[in-house]
$ cat entry.txt   # compact mmCIF, N, CA and C atoms
# COMPACT_ATOMS: atom_id res chain seq x y z
N MET A 25 -12.72 -18.11 14.46
CA MET A 25 -12.58 -19.32 13.66
C MET A 25 -11.08 -19.55 13.41
N LYS A 26 -10.67 -20.77 13.59
CA LYS A 26 -9.26 -21.13 13.40
C LYS A 26 -8.96 -21.34 11.91
N LYS A 27 -7.83 -20.75 11.48
CA LYS A 27 -7.42 -20.91 10.08
C LYS A 27 -6.69 -22.23 9.91
N THR A 28 -6.89 -22.83 8.75
CA THR A 28 -6.18 -24.06 8.44
C THR A 28 -4.76 -23.72 8.00
N ASN A 29 -3.89 -24.72 8.06
CA ASN A 29 -2.52 -24.51 7.59
C ASN A 29 -2.49 -24.08 6.14
N ARG A 30 -3.37 -24.64 5.32
CA ARG A 30 -3.43 -24.27 3.90
C ARG A 30 -3.74 -22.79 3.74
N LYS A 31 -4.71 -22.29 4.50
CA LYS A 31 -5.09 -20.87 4.42
C LYS A 31 -3.94 -19.97 4.87
N ILE A 32 -3.26 -20.39 5.90
CA ILE A 32 -2.12 -19.60 6.39
C ILE A 32 -1.02 -19.56 5.32
N ILE A 33 -0.73 -20.69 4.71
CA ILE A 33 0.29 -20.75 3.65
C ILE A 33 -0.13 -19.89 2.46
N GLU A 34 -1.42 -19.95 2.10
CA GLU A 34 -1.92 -19.13 1.00
C GLU A 34 -1.72 -17.65 1.29
N GLU A 35 -2.01 -17.24 2.51
CA GLU A 35 -1.84 -15.84 2.90
C GLU A 35 -0.37 -15.42 2.83
N ILE A 36 0.50 -16.28 3.30
CA ILE A 36 1.94 -15.97 3.26
C ILE A 36 2.41 -15.82 1.82
N ILE A 37 2.01 -16.74 0.97
CA ILE A 37 2.42 -16.68 -0.44
C ILE A 37 1.84 -15.43 -1.11
N ARG A 38 0.59 -15.12 -0.82
CA ARG A 38 -0.06 -13.94 -1.40
C ARG A 38 0.69 -12.66 -0.99
N VAL A 39 1.04 -12.56 0.27
CA VAL A 39 1.75 -11.37 0.77
C VAL A 39 3.15 -11.29 0.17
N ASP A 40 3.86 -12.40 0.14
CA ASP A 40 5.21 -12.41 -0.44
C ASP A 40 5.17 -12.07 -1.93
N HIS A 41 4.19 -12.61 -2.63
CA HIS A 41 4.02 -12.32 -4.06
C HIS A 41 3.81 -10.82 -4.26
N ALA A 42 2.93 -10.24 -3.48
CA ALA A 42 2.66 -8.80 -3.60
C ALA A 42 3.90 -7.97 -3.26
N GLY A 43 4.64 -8.39 -2.25
CA GLY A 43 5.85 -7.67 -1.87
C GLY A 43 6.91 -7.71 -2.95
N GLU A 44 7.11 -8.87 -3.53
CA GLU A 44 8.10 -8.99 -4.61
C GLU A 44 7.66 -8.20 -5.83
N ARG A 45 6.37 -8.22 -6.11
CA ARG A 45 5.85 -7.45 -7.24
C ARG A 45 6.04 -5.95 -6.98
N GLY A 46 5.78 -5.53 -5.75
CA GLY A 46 5.98 -4.12 -5.40
C GLY A 46 7.43 -3.70 -5.57
N ALA A 47 8.35 -4.56 -5.15
CA ALA A 47 9.78 -4.26 -5.31
C ALA A 47 10.15 -4.12 -6.78
N LEU A 48 9.64 -5.01 -7.61
CA LEU A 48 9.91 -4.92 -9.05
C LEU A 48 9.39 -3.60 -9.62
N LYS A 49 8.19 -3.20 -9.20
CA LYS A 49 7.60 -1.97 -9.71
C LYS A 49 8.38 -0.74 -9.24
N ILE A 50 8.92 -0.79 -8.04
CA ILE A 50 9.77 0.31 -7.57
C ILE A 50 11.00 0.43 -8.46
N TYR A 51 11.63 -0.69 -8.74
CA TYR A 51 12.80 -0.67 -9.63
C TYR A 51 12.42 -0.18 -11.03
N GLU A 52 11.26 -0.59 -11.53
CA GLU A 52 10.81 -0.13 -12.84
C GLU A 52 10.62 1.39 -12.84
N GLY A 53 10.06 1.92 -11.78
CA GLY A 53 9.90 3.37 -11.68
C GLY A 53 11.23 4.09 -11.63
N GLN A 54 12.18 3.52 -10.90
CA GLN A 54 13.51 4.13 -10.84
C GLN A 54 14.17 4.12 -12.21
N LEU A 55 14.06 3.00 -12.90
CA LEU A 55 14.66 2.91 -14.24
C LEU A 55 13.98 3.86 -15.22
N LEU A 56 12.67 4.01 -15.09
CA LEU A 56 11.95 4.94 -15.95
C LEU A 56 12.46 6.37 -15.76
N ALA A 57 12.64 6.77 -14.51
CA ALA A 57 13.16 8.12 -14.23
C ALA A 57 14.58 8.27 -14.74
N LEU A 58 15.38 7.22 -14.60
CA LEU A 58 16.77 7.28 -15.07
C LEU A 58 16.85 7.32 -16.60
N GLU A 59 15.85 6.77 -17.26
CA GLU A 59 15.85 6.77 -18.72
C GLU A 59 15.24 8.04 -19.31
N THR A 60 14.38 8.71 -18.54
CA THR A 60 13.66 9.85 -19.11
C THR A 60 14.09 11.21 -18.55
N ILE A 61 14.51 11.26 -17.30
CA ILE A 61 14.80 12.56 -16.68
C ILE A 61 16.25 12.68 -16.22
N LYS A 62 16.70 11.72 -15.47
CA LYS A 62 18.07 11.74 -14.96
C LYS A 62 18.90 10.76 -15.76
N ASN A 63 20.10 11.16 -16.08
CA ASN A 63 20.99 10.28 -16.84
C ASN A 63 22.15 9.86 -15.95
N ASN A 64 22.03 8.68 -15.38
CA ASN A 64 23.09 8.15 -14.53
C ASN A 64 23.26 6.68 -14.89
N GLN A 65 24.15 6.41 -15.82
CA GLN A 65 24.33 5.05 -16.33
C GLN A 65 24.82 4.09 -15.24
N ASN A 66 25.67 4.57 -14.34
CA ASN A 66 26.17 3.71 -13.27
C ASN A 66 25.02 3.27 -12.36
N LEU A 67 24.18 4.21 -11.96
CA LEU A 67 23.04 3.88 -11.11
C LEU A 67 22.06 2.98 -11.86
N LYS A 68 21.89 3.23 -13.14
CA LYS A 68 21.00 2.40 -13.96
C LYS A 68 21.48 0.95 -13.98
N LYS A 69 22.78 0.74 -14.10
CA LYS A 69 23.33 -0.63 -14.09
C LYS A 69 23.07 -1.31 -12.75
N ILE A 70 23.29 -0.57 -11.67
CA ILE A 70 23.10 -1.12 -10.33
C ILE A 70 21.64 -1.52 -10.13
N ILE A 71 20.72 -0.64 -10.49
CA ILE A 71 19.30 -0.91 -10.28
C ILE A 71 18.83 -2.04 -11.19
N THR A 72 19.34 -2.09 -12.40
CA THR A 72 18.98 -3.19 -13.31
C THR A 72 19.41 -4.53 -12.71
N LYS A 73 20.59 -4.56 -12.14
CA LYS A 73 21.08 -5.79 -11.51
C LYS A 73 20.20 -6.17 -10.30
N MET A 74 19.84 -5.17 -9.51
CA MET A 74 18.99 -5.42 -8.35
C MET A 74 17.61 -5.93 -8.79
N LYS A 75 17.08 -5.35 -9.87
CA LYS A 75 15.78 -5.76 -10.38
C LYS A 75 15.83 -7.22 -10.86
N LEU A 76 16.89 -7.59 -11.54
CA LEU A 76 17.02 -8.97 -12.01
C LEU A 76 17.07 -9.94 -10.84
N HIS A 77 17.76 -9.56 -9.78
CA HIS A 77 17.83 -10.39 -8.58
C HIS A 77 16.43 -10.54 -7.96
N GLU A 78 15.71 -9.44 -7.89
CA GLU A 78 14.36 -9.45 -7.32
C GLU A 78 13.40 -10.26 -8.18
N LYS A 79 13.61 -10.26 -9.48
CA LYS A 79 12.74 -10.99 -10.42
C LYS A 79 12.78 -12.49 -10.14
N VAL A 80 13.93 -12.99 -9.72
CA VAL A 80 14.04 -14.41 -9.35
C VAL A 80 13.06 -14.72 -8.21
N HIS A 81 13.01 -13.84 -7.22
CA HIS A 81 12.10 -14.04 -6.08
C HIS A 81 10.65 -13.95 -6.55
N TYR A 82 10.36 -12.94 -7.36
CA TYR A 82 9.00 -12.77 -7.86
C TYR A 82 8.54 -13.98 -8.67
N ASP A 83 9.41 -14.46 -9.55
CA ASP A 83 9.06 -15.61 -10.39
C ASP A 83 8.73 -16.84 -9.55
N PHE A 84 9.47 -17.02 -8.45
CA PHE A 84 9.19 -18.14 -7.55
C PHE A 84 7.76 -18.04 -7.01
N PHE A 85 7.40 -16.88 -6.49
CA PHE A 85 6.07 -16.73 -5.91
C PHE A 85 4.98 -16.72 -6.97
N GLU A 86 5.28 -16.22 -8.15
CA GLU A 86 4.32 -16.27 -9.26
C GLU A 86 4.00 -17.73 -9.61
N LYS A 87 5.02 -18.57 -9.63
CA LYS A 87 4.80 -20.00 -9.90
C LYS A 87 3.98 -20.65 -8.79
N GLU A 88 4.27 -20.29 -7.54
CA GLU A 88 3.53 -20.86 -6.42
C GLU A 88 2.06 -20.44 -6.46
N ILE A 89 1.81 -19.18 -6.80
CA ILE A 89 0.44 -18.68 -6.92
C ILE A 89 -0.33 -19.53 -7.95
N LYS A 90 0.30 -19.77 -9.09
CA LYS A 90 -0.37 -20.53 -10.15
C LYS A 90 -0.49 -22.01 -9.79
N LYS A 91 0.61 -22.58 -9.28
CA LYS A 91 0.62 -24.00 -8.95
C LYS A 91 -0.42 -24.35 -7.89
N ARG A 92 -0.55 -23.49 -6.90
CA ARG A 92 -1.48 -23.75 -5.80
C ARG A 92 -2.87 -23.15 -6.02
N LYS A 93 -3.04 -22.51 -7.18
CA LYS A 93 -4.32 -21.88 -7.52
C LYS A 93 -4.77 -20.89 -6.44
N ILE A 94 -3.83 -20.01 -6.07
CA ILE A 94 -4.10 -18.98 -5.07
C ILE A 94 -4.44 -17.69 -5.81
N ASN A 95 -5.48 -17.03 -5.37
CA ASN A 95 -5.81 -15.73 -5.95
C ASN A 95 -4.85 -14.68 -5.41
N PRO A 96 -4.16 -13.97 -6.31
CA PRO A 96 -3.29 -12.89 -5.82
C PRO A 96 -4.15 -11.76 -5.24
N THR A 97 -3.52 -10.87 -4.52
CA THR A 97 -4.27 -9.76 -3.96
C THR A 97 -4.98 -8.98 -5.06
N LYS A 98 -6.16 -8.53 -4.78
CA LYS A 98 -6.92 -7.74 -5.75
C LYS A 98 -6.35 -6.33 -5.90
N LEU A 99 -5.45 -5.98 -5.02
CA LEU A 99 -4.86 -4.63 -5.04
C LEU A 99 -3.62 -4.53 -5.92
N LEU A 100 -3.28 -5.59 -6.66
CA LEU A 100 -2.07 -5.54 -7.50
C LEU A 100 -2.02 -4.34 -8.44
N PRO A 101 -3.11 -3.97 -9.11
CA PRO A 101 -3.02 -2.79 -9.99
C PRO A 101 -2.66 -1.51 -9.22
N VAL A 102 -3.21 -1.36 -8.03
CA VAL A 102 -2.88 -0.19 -7.20
C VAL A 102 -1.43 -0.29 -6.74
N TRP A 103 -1.04 -1.47 -6.33
CA TRP A 103 0.32 -1.74 -5.89
C TRP A 103 1.31 -1.39 -7.00
N ASP A 104 0.98 -1.78 -8.24
CA ASP A 104 1.84 -1.49 -9.39
C ASP A 104 2.01 0.01 -9.58
N LEU A 105 0.91 0.71 -9.55
CA LEU A 105 0.93 2.16 -9.75
C LEU A 105 1.72 2.87 -8.65
N LEU A 106 1.46 2.50 -7.41
CA LEU A 106 2.17 3.12 -6.30
C LEU A 106 3.66 2.77 -6.32
N GLY A 107 3.99 1.54 -6.67
CA GLY A 107 5.39 1.14 -6.73
C GLY A 107 6.17 1.92 -7.77
N VAL A 108 5.60 2.05 -8.97
CA VAL A 108 6.28 2.80 -10.03
C VAL A 108 6.42 4.27 -9.60
N GLY A 109 5.37 4.83 -9.02
CA GLY A 109 5.43 6.22 -8.56
C GLY A 109 6.48 6.42 -7.47
N LEU A 110 6.55 5.49 -6.55
CA LEU A 110 7.54 5.59 -5.48
C LEU A 110 8.95 5.50 -6.04
N GLY A 111 9.17 4.55 -6.94
CA GLY A 111 10.50 4.41 -7.54
C GLY A 111 10.89 5.64 -8.34
N PHE A 112 9.97 6.14 -9.14
CA PHE A 112 10.24 7.31 -9.98
C PHE A 112 10.59 8.51 -9.10
N SER A 113 9.76 8.74 -8.08
CA SER A 113 9.99 9.91 -7.22
C SER A 113 11.26 9.78 -6.40
N SER A 114 11.64 8.56 -6.04
CA SER A 114 12.86 8.39 -5.25
C SER A 114 14.09 8.80 -6.05
N VAL A 115 14.08 8.57 -7.36
CA VAL A 115 15.19 9.01 -8.21
C VAL A 115 15.21 10.53 -8.29
N LEU A 116 14.05 11.13 -8.40
CA LEU A 116 13.98 12.59 -8.48
C LEU A 116 14.48 13.25 -7.21
N LEU A 117 14.24 12.60 -6.07
CA LEU A 117 14.70 13.14 -4.78
C LEU A 117 16.22 13.04 -4.64
N GLY A 118 16.84 12.10 -5.31
CA GLY A 118 18.29 11.96 -5.25
C GLY A 118 18.76 11.00 -4.19
N LYS A 119 20.07 10.90 -4.05
CA LYS A 119 20.66 9.91 -3.14
C LYS A 119 20.47 10.26 -1.68
N LYS A 120 20.37 11.52 -1.34
CA LYS A 120 20.25 11.90 0.07
C LYS A 120 18.82 11.93 0.42
$ encode --input "entry.txt" --output "structure tokens"
Amino acid sequence: MKKTNRKIIEEIIRVDHAGERGALKIYEGQLLALETIKNNQNLKKIITKMKLHEKVHYDFFEKEIKKRKINPTKLLPVWDLLGVGLGFSSVLLGKK
């Protein structure tokens, strides 16, 4: 069955929304580790700046999801958990 242009656009927006959300959660996990286990204020500033930049992208897709009445992926809660875990563990592993 051939997909309509609308369905294709919905899929693209849904995937981009999930990707931006995942990136935000990774940064949140990194910041959590930097606030609780590792103390690196310089790295914390850099990651905070990167997170703010990513939030602009996420907000765009969040608005598109709502405006177009697109259902976000049902896996967002899992995505959130995995993203925070990945970010947290990446700080524990260090720069190398």
$ atom_distance --input "entry.txt" --atom1 "CA of Gly118 in chain A" --atom2 "atom C of His81 in chain A"
27.0 Å
$ residues_around --input "entry.txt" --residues "Glu44 in chain A" --least-positions-apart "4" --cutoff "7 Å" --atoms "all atoms listed in the file" --output "MDAnalysis selection string"
chainID A and resid 39:40 48:49 78 81:82
$ atom_distance --input "entry.txt" --atom1 "atom C of Ile94 in chain A" --atom2 "atom N of Ala47 in chain A"
18.3 Å
$ residues_around --input "entry.txt" --residues "Tyr51 in chain A" --least-positions-apart "6" --cutoff "7 Å" --atoms "only N, CA and C atoms" --output "PyMOL selection string"
chain A and resi 71+75+107-108+111
$ atom_distance --input "entry.txt" --atom1 "atom C of Lys87 in chain A" --atom2 "atom C of Arg45 in chain A"
15.0 Å
$ decode --input "entry.txt" --residues "range 84-120 of chain A" --atoms "N, CA and C atoms" --output "tab-separated table (two decimals), in the first residue's frame"
chain	number	residue	atom	x	y	z
A	84	PHE	N	10.59	22.97	18.46
A	84	PHE	CA	10.03	23.06	17.11
A	84	PHE	C	9.19	21.82	16.80
A	85	PHE	N	9.77	20.65	17.02
A	85	PHE	CA	9.05	19.41	16.69
A	85	PHE	C	7.89	19.16	17.65
A	86	GLU	N	8.02	19.58	18.89
A	86	GLU	CA	6.92	19.46	19.84
A	86	GLU	C	5.72	20.29	19.35
A	87	LYS	N	5.99	21.48	18.85
A	87	LYS	CA	4.91	22.33	18.31
A	87	LYS	C	4.28	21.69	17.08
A	88	GLU	N	5.11	21.11	16.22
A	88	GLU	CA	4.60	20.46	15.01
A	88	GLU	C	3.73	19.26	15.36
A	89	ILE	N	4.16	18.48	16.34
A	89	ILE	CA	3.38	17.32	16.80
A	89	ILE	C	1.98	17.78	17.23
A	90	LYS	N	1.94	18.84	18.02
A	90	LYS	CA	0.65	19.34	18.53
A	90	LYS	C	-0.17	19.99	17.43
A	91	LYS	N	0.48	20.84	16.63
A	91	LYS	CA	-0.22	21.56	15.58
A	91	LYS	C	-0.86	20.61	14.56
A	92	ARG	N	-0.13	19.57	14.21
A	92	ARG	CA	-0.62	18.63	13.20
A	92	ARG	C	-1.38	17.44	13.79
A	93	LYS	N	-1.52	17.45	15.13
A	93	LYS	CA	-2.23	16.37	15.82
A	93	LYS	C	-1.63	15.00	15.49
A	94	ILE	N	-0.30	14.93	15.60
A	94	ILE	CA	0.42	13.68	15.35
A	94	ILE	C	0.67	13.00	16.70
A	95	ASN	N	0.42	11.72	16.75
A	95	ASN	CA	0.73	10.97	17.96
A	95	ASN	C	2.24	10.73	18.02
A	96	PRO	N	2.88	11.15	19.12
A	96	PRO	CA	4.30	10.86	19.25
A	96	PRO	C	4.51	9.35	19.43
A	97	THR	N	5.73	8.91	19.29
A	97	THR	CA	6.00	7.49	19.46
A	97	THR	C	5.56	7.04	20.85
A	98	LYS	N	5.03	5.86	20.93
A	98	LYS	CA	4.59	5.31	22.22
A	98	LYS	C	5.79	4.90	23.08
A	99	LEU	N	6.95	4.89	22.48
A	99	LEU	CA	8.17	4.47	23.20
A	99	LEU	C	8.87	5.62	23.92
A	100	LEU	N	8.27	6.82	23.95
A	100	LEU	CA	8.93	7.96	24.60
A	100	LEU	C	9.35	7.68	26.04
A	101	PRO	N	8.53	7.03	26.86
A	101	PRO	CA	8.99	6.76	28.23
A	101	PRO	C	10.25	5.88	28.28
A	102	VAL	N	10.32	4.90	27.40
A	102	VAL	CA	11.51	4.05	27.32
A	102	VAL	C	12.69	4.86	26.80
A	103	TRP	N	12.43	5.66	25.78
A	103	TRP	CA	13.44	6.53	25.19
A	103	TRP	C	14.02	7.46	26.25
A	104	ASP	N	13.14	8.02	27.09
A	104	ASP	CA	13.57	8.93	28.16
A	104	ASP	C	14.51	8.21	29.13
A	105	LEU	N	14.10	7.05	29.55
A	105	LEU	CA	14.89	6.28	30.51
A	105	LEU	C	16.25	5.88	29.93
A	106	LEU	N	16.24	5.39	28.71
A	106	LEU	CA	17.50	4.99	28.08
A	106	LEU	C	18.40	6.19	27.82
A	107	GLY	N	17.82	7.31	27.42
A	107	GLY	CA	18.62	8.51	27.17
A	107	GLY	C	19.31	9.01	28.42
A	108	VAL	N	18.57	9.09	29.53
A	108	VAL	CA	19.17	9.54	30.79
A	108	VAL	C	20.26	8.57	31.21
A	109	GLY	N	19.99	7.27	31.10
A	109	GLY	CA	20.99	6.27	31.47
A	109	GLY	C	22.24	6.35	30.62
A	110	LEU	N	22.06	6.56	29.33
A	110	LEU	CA	23.20	6.68	28.43
A	110	LEU	C	24.03	7.92	28.77
A	111	GLY	N	23.35	9.03	28.99
A	111	GLY	CA	24.07	10.26	29.34
A	111	GLY	C	24.81	10.13	30.65
A	112	PHE	N	24.15	9.58	31.65
A	112	PHE	CA	24.75	9.42	32.97
A	112	PHE	C	26.00	8.53	32.88
A	113	SER	N	25.84	7.39	32.20
A	113	SER	CA	26.97	6.45	32.11
A	113	SER	C	28.11	7.01	31.27
A	114	SER	N	27.80	7.84	30.28
A	114	SER	CA	28.88	8.41	29.46
A	114	SER	C	29.78	9.33	30.28
A	115	VAL	N	29.21	10.03	31.25
A	115	VAL	CA	30.01	10.88	32.14
A	115	VAL	C	30.88	10.01	33.04
A	116	LEU	N	30.33	8.92	33.52
A	116	LEU	CA	31.09	8.03	34.38
A	116	LEU	C	32.27	7.40	33.65
A	117	LEU	N	32.08	7.13	32.36
A	117	LEU	CA	33.16	6.54	31.56
A	117	LEU	C	34.28	7.54	31.29
A	118	GLY	N	33.98	8.82	31.30
A	118	GLY	CA	35.00	9.84	31.09
A	118	GLY	C	35.15	10.26	29.65
A	119	LYS	N	36.11	11.12	29.41
A	119	LYS	CA	36.28	11.71	28.07
A	119	LYS	C	36.82	10.73	27.05
A	120	LYS	N	37.58	9.75	27.46
A	120	LYS	CA	38.17	8.82	26.50
A	120	LYS	C	37.23	7.70	26.30
